[in-house]
Amino acid sequence: MLTSKDQELAVLLSALSLACKATARACNKAGIALLFGLAGETNATGDDQKKLDVLSNDIFINTLTNSGTCAVLVSEENEEPIIIDPAHAGRFCVAFDPLDGSSNIDCNVSTGTIFGVYERISTGFATVDDIFRTGNDLIVAGYCMYGAATELVITFKNQGVHRFTLDPSLGEFIHTHSNVTFPEDGGKKIYSCNEGNSSNWDPAIKASVEYFKAGSKPYAARYVGSMVSDVHRTILYGGIYLYPADAKSKNGKLRVLYEGFPMAMIVEQAGGVASCGLFKGTIQRLLDLVPTSIHEKCPVILGGERDVKLVLSKYKELGLAA
């Protein structure tokens with residue numbers, strides 16, 4: 001409230017932090033409460049749903065719907081957007097992945113929540129068009145990581161990236177770091193990708209990863225498989241995170257609205273670069289995409305300028321892009 005003078009936005013962020021705390025509690029108690037394992041369903045994008053996917057989705061929908069600040073909600077777990085009754089609607093539209101990396105839940109590896117916030121542009125009944133906009137229109141983006149500590153990372157447009165850590169004894173997020181940025185020199189030489197897909201990558205991505213592994217001092221490979229964990233490490237330590245398109249998934253596998261856009265905004269606000277690589281015939285900045293469906297996918301290349309520019313230069317060296 002002190003920063004934005006916007007009380008409704010403050011209420012929304014309070015609701016998001018409450019949902020993150022409730023989800024963190026559920027993750028911490030998953031073994032005791034028998035919340036491990038599959039729920040027996042698949043979500044809107046065809047992934048198997050875990051019990052915690054379903055619970056965390058309910059937590060976020062109920063919290064945001066009852067906050068009185070939201071007009072449209074888009075969740076990875078729901079096939080259709082949720083349009084809030086105008087009598088209870090507010091100014092904001094929120095796209096979220098309630099539990100990213102849920103395939104890691106059963107082995108107690110870090111998971112997270114990702115969210116992006118738009119201000120609605122319609123009057124009267126909200127529509128899905130309120131959220132079919134470029135990532136440049138996001139006013140807030142963030143993620144919450146459920147790991148050794150529960151950490152909430154938020155960025156406001158042109159306000160820097162801020163880290164908050166949940167203090168279990170207080171039940172509150174404590175502001176621990178302001179204006180988080182990538183290391184100036186590019187930081188540690190780390191590349192993060194699922195090399196199991198490498199046979200299906202395009203030549204530029206293959207050449208880039210081979211470059212990272214070559215020489216007397218090659219890059220280190222680090223891949224958790226939870227986007228929140230991998231991107232969080234990349235921002236703090238440096239390096240690059242890649243989830244490119246491939247021969248099997250020509251549009252990539254990560255979702256634009258609630259994975260690509262929020263993470264791209266955070267990375268750029270931290271001084272990094274967010275690209276799709278070569279996508280639909282041209283090299284594209286991720287935040288410039290215009291989604292046409294709520295579960296649309298895109299390739300993702302995030303990291304420090306040193307490493308992302310190297311990958312993009314490979315497209316030009318190989319004659320794949322101008």
# chains A, B, ... in the order shown; residues from 1 in each chain; ligands from 1

$ select_by_dssp --residues "region 36-155 of chain A" --states "alpha helix (DSSP H)" --output "count of residues only"
15

$ residues_around --residues "region 269-279 of chain A" --least-positions-apart "6" --cutoff "9 Å" --atoms "only C-alpha atoms" --output "ChimeraX atom specification"
/A:155-161,179-184,205,235,244-245,250-251,260,263,285-287,298-305,308-309,311-312,315,320-321

$ atom_distance --atom1 "CA of Lys188 (chain A)" --atom2 "CA of Thr111 (chain A)"
23.0 Å

$ closest_residue --among "A:Ala247, A:Val267, A:Leu16, A:Ile105" --to "Thr69 (chain A)" --atoms "only C-alpha atoms"
A:Leu16

$ atom_distance --atom1 "CA of Asn136 (chain A)" --atom2 "CA of Leu18 (chain A)"
26.4 Å

$ closest_residue --among "A:Lys248, A:Ile266, A:Val109, A:Gly124" --to "Ser198 (chain A)" --atoms "only C-alpha atoms"
A:Lys248

$ atom_distance --atom1 "CA of Phe212 (chain A)" --atom2 "CA of His232 (chain A)"
20.1 Å

$ closest_residue --among "A:Asp185, A:Ala95, A:Asp288, A:Glu195" --to "Ile131 (chain A)" --atoms "only C-alpha atoms"
A:Ala95

$ select_by_dssp --residues "region 263-311 of chain A" --states "strand (DSSP E or B)" --output "PyMOL selection string"
chain A and resi 273-279+282-285+297-298+300-303

$ residues_around --residues "Asp85 (chain A)" --least-positions-apart "3" --cutoff "8 Å" --atoms "only C-alpha atoms" --output "ChimeraX atom specification"
/A:71,88-89

$ write_last_selection --atoms "N, CA, C and O atoms" --output "compact mmCIF listing (two decimals), in the first residue's frame"
# COMPACT_ATOMS: atom_id res chain seq x y z
N ALA A 71 -11.81 -10.33 -11.19
CA ALA A 71 -12.90 -10.44 -12.16
C ALA A 71 -12.78 -11.71 -12.99
O ALA A 71 -13.79 -12.31 -13.37
N HIS A 88 -19.54 -9.42 -7.00
CA HIS A 88 -18.39 -9.67 -6.11
C HIS A 88 -17.06 -9.46 -6.82
O HIS A 88 -16.00 -9.81 -6.28
N ALA A 89 -17.10 -8.92 -8.02
CA ALA A 89 -15.88 -8.81 -8.83
C ALA A 89 -15.11 -7.54 -8.49
O ALA A 89 -15.66 -6.54 -8.01

$ residues_around --residues "region 100-103 of chain A" --least-positions-apart "3" --cutoff "8 Å" --atoms "only C-alpha atoms" --output "PyMOL selection string"
chain A and resi 50+52-53+97+106+110-114+225-228

$ write_last_selection --atoms "N, CA, C and O atoms" --output "JSON list (two decimals), in the first residue's frame"
[["chain", "number", "residue", "atom", "x", "y", "z"],
["A", 50, "LYS", "N", -2.21, -34.60, -9.18],
["A", 50, "LYS", "CA", -1.92, -35.10, -7.85],
["A", 50, "LYS", "C", -2.99, -34.60, -6.88],
["A", 50, "LYS", "O", -3.68, -33.61, -7.16],
["A", 52, "LEU", "N", -2.49, -33.01, -4.20],
["A", 52, "LEU", "CA", -2.15, -31.65, -3.80],
["A", 52, "LEU", "C", -2.42, -30.64, -4.90],
["A", 52, "LEU", "O", -2.64, -29.46, -4.62],
["A", 53, "ASP", "N", -2.39, -31.06, -6.17],
["A", 53, "ASP", "CA", -2.80, -30.16, -7.27],
["A", 53, "ASP", "C", -4.24, -29.70, -7.04],
["A", 53, "ASP", "O", -4.56, -28.52, -7.16],
["A", 97, "ASP", "N", -0.62, -20.99, -11.80],
["A", 97, "ASP", "CA", -0.38, -22.43, -11.71],
["A", 97, "ASP", "C", -0.30, -22.72, -10.22],
["A", 97, "ASP", "O", 0.68, -22.35, -9.57],
["A", 106, "ASP", "N", 5.85, -36.36, -4.43],
["A", 106, "ASP", "CA", 5.96, -37.61, -3.69],
["A", 106, "ASP", "C", 7.37, -37.90, -3.21],
["A", 106, "ASP", "O", 7.57, -38.74, -2.32],
["A", 110, "SER", "N", 11.31, -29.60, -3.98],
["A", 110, "SER", "CA", 10.64, -28.30, -3.98],
["A", 110, "SER", "C", 9.62, -28.16, -5.10],
["A", 110, "SER", "O", 9.85, -28.57, -6.24],
["A", 111, "THR", "N", 8.48, -27.58, -4.75],
["A", 111, "THR", "CA", 7.43, -27.23, -5.70],
["A", 111, "THR", "C", 7.17, -25.73, -5.57],
["A", 111, "THR", "O", 7.86, -25.03, -4.84],
["A", 112, "GLY", "N", 6.17, -25.22, -6.27],
["A", 112, "GLY", "CA", 5.90, -23.79, -6.17],
["A", 112, "GLY", "C", 4.60, -23.39, -6.82],
["A", 112, "GLY", "O", 3.94, -24.18, -7.50],
["A", 113, "THR", "N", 4.22, -22.15, -6.60],
["A", 113, "THR", "CA", 3.06, -21.52, -7.23],
["A", 113, "THR", "C", 3.56, -20.36, -8.09],
["A", 113, "THR", "O", 4.48, -19.65, -7.70],
["A", 114, "ILE", "N", 2.97, -20.18, -9.27],
["A", 114, "ILE", "CA", 3.33, -19.06, -10.15],
["A", 114, "ILE", "C", 2.06, -18.28, -10.46],
["A", 114, "ILE", "O", 1.00, -18.87, -10.69],
["A", 225, "GLY", "N", 13.50, -29.85, -12.25],
["A", 225, "GLY", "CA", 12.24, -30.28, -12.84],
["A", 225, "GLY", "C", 11.04, -29.53, -12.31],
["A", 225, "GLY", "O", 9.91, -29.77, -12.74],
["A", 226, "SER", "N", 11.25, -28.62, -11.35],
["A", 226, "SER", "CA", 10.23, -27.67, -10.92],
["A", 226, "SER", "C", 10.65, -26.31, -11.45],
["A", 226, "SER", "O", 11.73, -25.82, -11.10],
["A", 227, "MET", "N", 9.84, -25.70, -12.32],
["A", 227, "MET", "CA", 10.24, -24.44, -12.93],
["A", 227, "MET", "C", 10.57, -23.38, -11.89],
["A", 227, "MET", "O", 11.54, -22.63, -12.03],
["A", 228, "VAL", "N", 9.79, -23.32, -10.82],
["A", 228, "VAL", "CA", 10.03, -22.32, -9.77],
["A", 228, "VAL", "C", 11.44, -22.49, -9.20],
["A", 228, "VAL", "O", 12.19, -21.52, -9.08]]

$ closest_residue --among "A:Ser178, A:Gln7, A:Ser14, A:Ser169" --to "Val153 (chain A)" --atoms "only C-alpha atoms"
A:Ser178

$ decode --residues "region 128-149 of chain A" --atoms "N, CA, C and O atoms" --output "PDB file, in the first residue's frame"
ATOM      1  N   VAL A 128     -12.940 -13.160 -21.029  1.00  0.00           N
ATOM      2  CA  VAL A 128     -11.612 -13.751 -21.118  1.00  0.00           C
ATOM      3  C   VAL A 128     -10.658 -12.839 -21.887  1.00  0.00           C
ATOM      4  O   VAL A 128      -9.440 -12.927 -21.739  1.00  0.00           O
ATOM      5  N   ASP A 129     -11.219 -11.920 -22.701  1.00  0.00           N
ATOM      6  CA  ASP A 129     -10.359 -10.976 -23.426  1.00  0.00           C
ATOM      7  C   ASP A 129      -9.590 -10.068 -22.480  1.00  0.00           C
ATOM      8  O   ASP A 129      -8.578  -9.473 -22.869  1.00  0.00           O
ATOM      9  N   ASP A 130     -10.067  -9.946 -21.242  1.00  0.00           N
ATOM     10  CA  ASP A 130      -9.337  -9.148 -20.255  1.00  0.00           C
ATOM     11  C   ASP A 130      -7.955  -9.734 -19.956  1.00  0.00           C
ATOM     12  O   ASP A 130      -7.084  -9.040 -19.430  1.00  0.00           O
ATOM     13  N   ILE A 131      -7.779 -11.017 -20.292  1.00  0.00           N
ATOM     14  CA  ILE A 131      -6.508 -11.670 -19.974  1.00  0.00           C
ATOM     15  C   ILE A 131      -5.746 -12.102 -21.222  1.00  0.00           C
ATOM     16  O   ILE A 131      -4.584 -12.502 -21.134  1.00  0.00           O
ATOM     17  N   PHE A 132      -6.386 -11.991 -22.409  1.00  0.00           N
ATOM     18  CA  PHE A 132      -5.693 -12.312 -23.658  1.00  0.00           C
ATOM     19  C   PHE A 132      -4.900 -11.089 -24.124  1.00  0.00           C
ATOM     20  O   PHE A 132      -5.224 -10.449 -25.119  1.00  0.00           O
ATOM     21  N   ARG A 133      -3.853 -10.780 -23.390  1.00  0.00           N
ATOM     22  CA  ARG A 133      -3.019  -9.614 -23.679  1.00  0.00           C
ATOM     23  C   ARG A 133      -1.556  -9.991 -23.554  1.00  0.00           C
ATOM     24  O   ARG A 133      -1.215 -11.030 -22.977  1.00  0.00           O
ATOM     25  N   THR A 134      -0.697  -9.162 -24.084  1.00  0.00           N
ATOM     26  CA  THR A 134       0.730  -9.469 -24.005  1.00  0.00           C
ATOM     27  C   THR A 134       1.197  -9.422 -22.556  1.00  0.00           C
ATOM     28  O   THR A 134       0.563  -8.798 -21.699  1.00  0.00           O
ATOM     29  N   GLY A 135       2.326 -10.038 -22.316  1.00  0.00           N
ATOM     30  CA  GLY A 135       2.901 -10.009 -20.978  1.00  0.00           C
ATOM     31  C   GLY A 135       3.336  -8.623 -20.557  1.00  0.00           C
ATOM     32  O   GLY A 135       3.536  -8.366 -19.360  1.00  0.00           O
ATOM     33  N   ASN A 136       3.456  -7.701 -21.519  1.00  0.00           N
ATOM     34  CA  ASN A 136       3.836  -6.327 -21.181  1.00  0.00           C
ATOM     35  C   ASN A 136       2.764  -5.629 -20.354  1.00  0.00           C
ATOM     36  O   ASN A 136       3.036  -4.609 -19.710  1.00  0.00           O
ATOM     37  N   ASP A 137       1.524  -6.163 -20.381  1.00  0.00           N
ATOM     38  CA  ASP A 137       0.422  -5.554 -19.636  1.00  0.00           C
ATOM     39  C   ASP A 137       0.328  -6.055 -18.193  1.00  0.00           C
ATOM     40  O   ASP A 137      -0.512  -5.561 -17.433  1.00  0.00           O
ATOM     41  N   LEU A 138       1.123  -7.045 -17.821  1.00  0.00           N
ATOM     42  CA  LEU A 138       1.113  -7.510 -16.429  1.00  0.00           C
ATOM     43  C   LEU A 138       1.495  -6.369 -15.485  1.00  0.00           C
ATOM     44  O   LEU A 138       2.425  -5.604 -15.764  1.00  0.00           O
ATOM     45  N   ILE A 139       0.785  -6.271 -14.363  1.00  0.00           N
ATOM     46  CA  ILE A 139       1.160  -5.246 -13.376  1.00  0.00           C
ATOM     47  C   ILE A 139       1.896  -5.857 -12.178  1.00  0.00           C
ATOM     48  O   ILE A 139       2.661  -5.169 -11.504  1.00  0.00           O
ATOM     49  N   VAL A 140       1.667  -7.148 -11.934  1.00  0.00           N
ATOM     50  CA  VAL A 140       2.364  -7.865 -10.855  1.00  0.00           C
ATOM     51  C   VAL A 140       2.615  -9.291 -11.332  1.00  0.00           C
ATOM     52  O   VAL A 140       1.782  -9.878 -12.016  1.00  0.00           O
ATOM     53  N   ALA A 141       3.774  -9.832 -10.992  1.00  0.00           N
ATOM     54  CA  ALA A 141       4.051 -11.250 -11.230  1.00  0.00           C
ATOM     55  C   ALA A 141       4.808 -11.783 -10.028  1.00  0.00           C
ATOM     56  O   ALA A 141       5.516 -11.042  -9.338  1.00  0.00           O
ATOM     57  N   GLY A 142       4.648 -13.070  -9.788  1.00  0.00           N
ATOM     58  CA  GLY A 142       5.363 -13.631  -8.645  1.00  0.00           C
ATOM     59  C   GLY A 142       5.328 -15.145  -8.641  1.00  0.00           C
ATOM     60  O   GLY A 142       4.643 -15.786  -9.433  1.00  0.00           O
ATOM     61  N   TYR A 143       6.106 -15.701  -7.733  1.00  0.00           N
ATOM     62  CA  TYR A 143       6.054 -17.132  -7.477  1.00  0.00           C
ATOM     63  C   TYR A 143       6.328 -17.370  -6.003  1.00  0.00           C
ATOM     64  O   TYR A 143       6.949 -16.530  -5.325  1.00  0.00           O
ATOM     65  N   CYS A 144       5.828 -18.491  -5.505  1.00  0.00           N
ATOM     66  CA  CYS A 144       6.099 -18.901  -4.133  1.00  0.00           C
ATOM     67  C   CYS A 144       6.718 -20.282  -4.189  1.00  0.00           C
ATOM     68  O   CYS A 144       6.172 -21.180  -4.842  1.00  0.00           O
ATOM     69  N   MET A 145       7.866 -20.451  -3.562  1.00  0.00           N
ATOM     70  CA  MET A 145       8.576 -21.727  -3.587  1.00  0.00           C
ATOM     71  C   MET A 145       8.428 -22.424  -2.244  1.00  0.00           C
ATOM     72  O   MET A 145       8.687 -21.830  -1.195  1.00  0.00           O
ATOM     73  N   TYR A 146       7.993 -23.685  -2.307  1.00  0.00           N
ATOM     74  CA  TYR A 146       7.821 -24.492  -1.100  1.00  0.00           C
ATOM     75  C   TYR A 146       8.997 -25.452  -1.012  1.00  0.00           C
ATOM     76  O   TYR A 146       8.988 -26.521  -1.621  1.00  0.00           O
ATOM     77  N   GLY A 147      10.029 -25.055  -0.290  1.00  0.00           N
ATOM     78  CA  GLY A 147      11.240 -25.862  -0.185  1.00  0.00           C
ATOM     79  C   GLY A 147      11.700 -25.917   1.253  1.00  0.00           C
ATOM     80  O   GLY A 147      10.892 -26.036   2.186  1.00  0.00           O
ATOM     81  N   ALA A 148      13.024 -25.799   1.454  1.00  0.00           N
ATOM     82  CA  ALA A 148      13.571 -25.783   2.811  1.00  0.00           C
ATOM     83  C   ALA A 148      12.952 -24.639   3.607  1.00  0.00           C
ATOM     84  O   ALA A 148      12.723 -24.742   4.811  1.00  0.00           O
ATOM     85  N   ALA A 149      12.689 -23.527   2.913  1.00  0.00           N
ATOM     86  CA  ALA A 149      11.895 -22.437   3.464  1.00  0.00           C
ATOM     87  C   ALA A 149      10.828 -22.107   2.437  1.00  0.00           C
ATOM     88  O   ALA A 149      10.950 -22.457   1.263  1.00  0.00           O
TER      89      ALA A 149
END
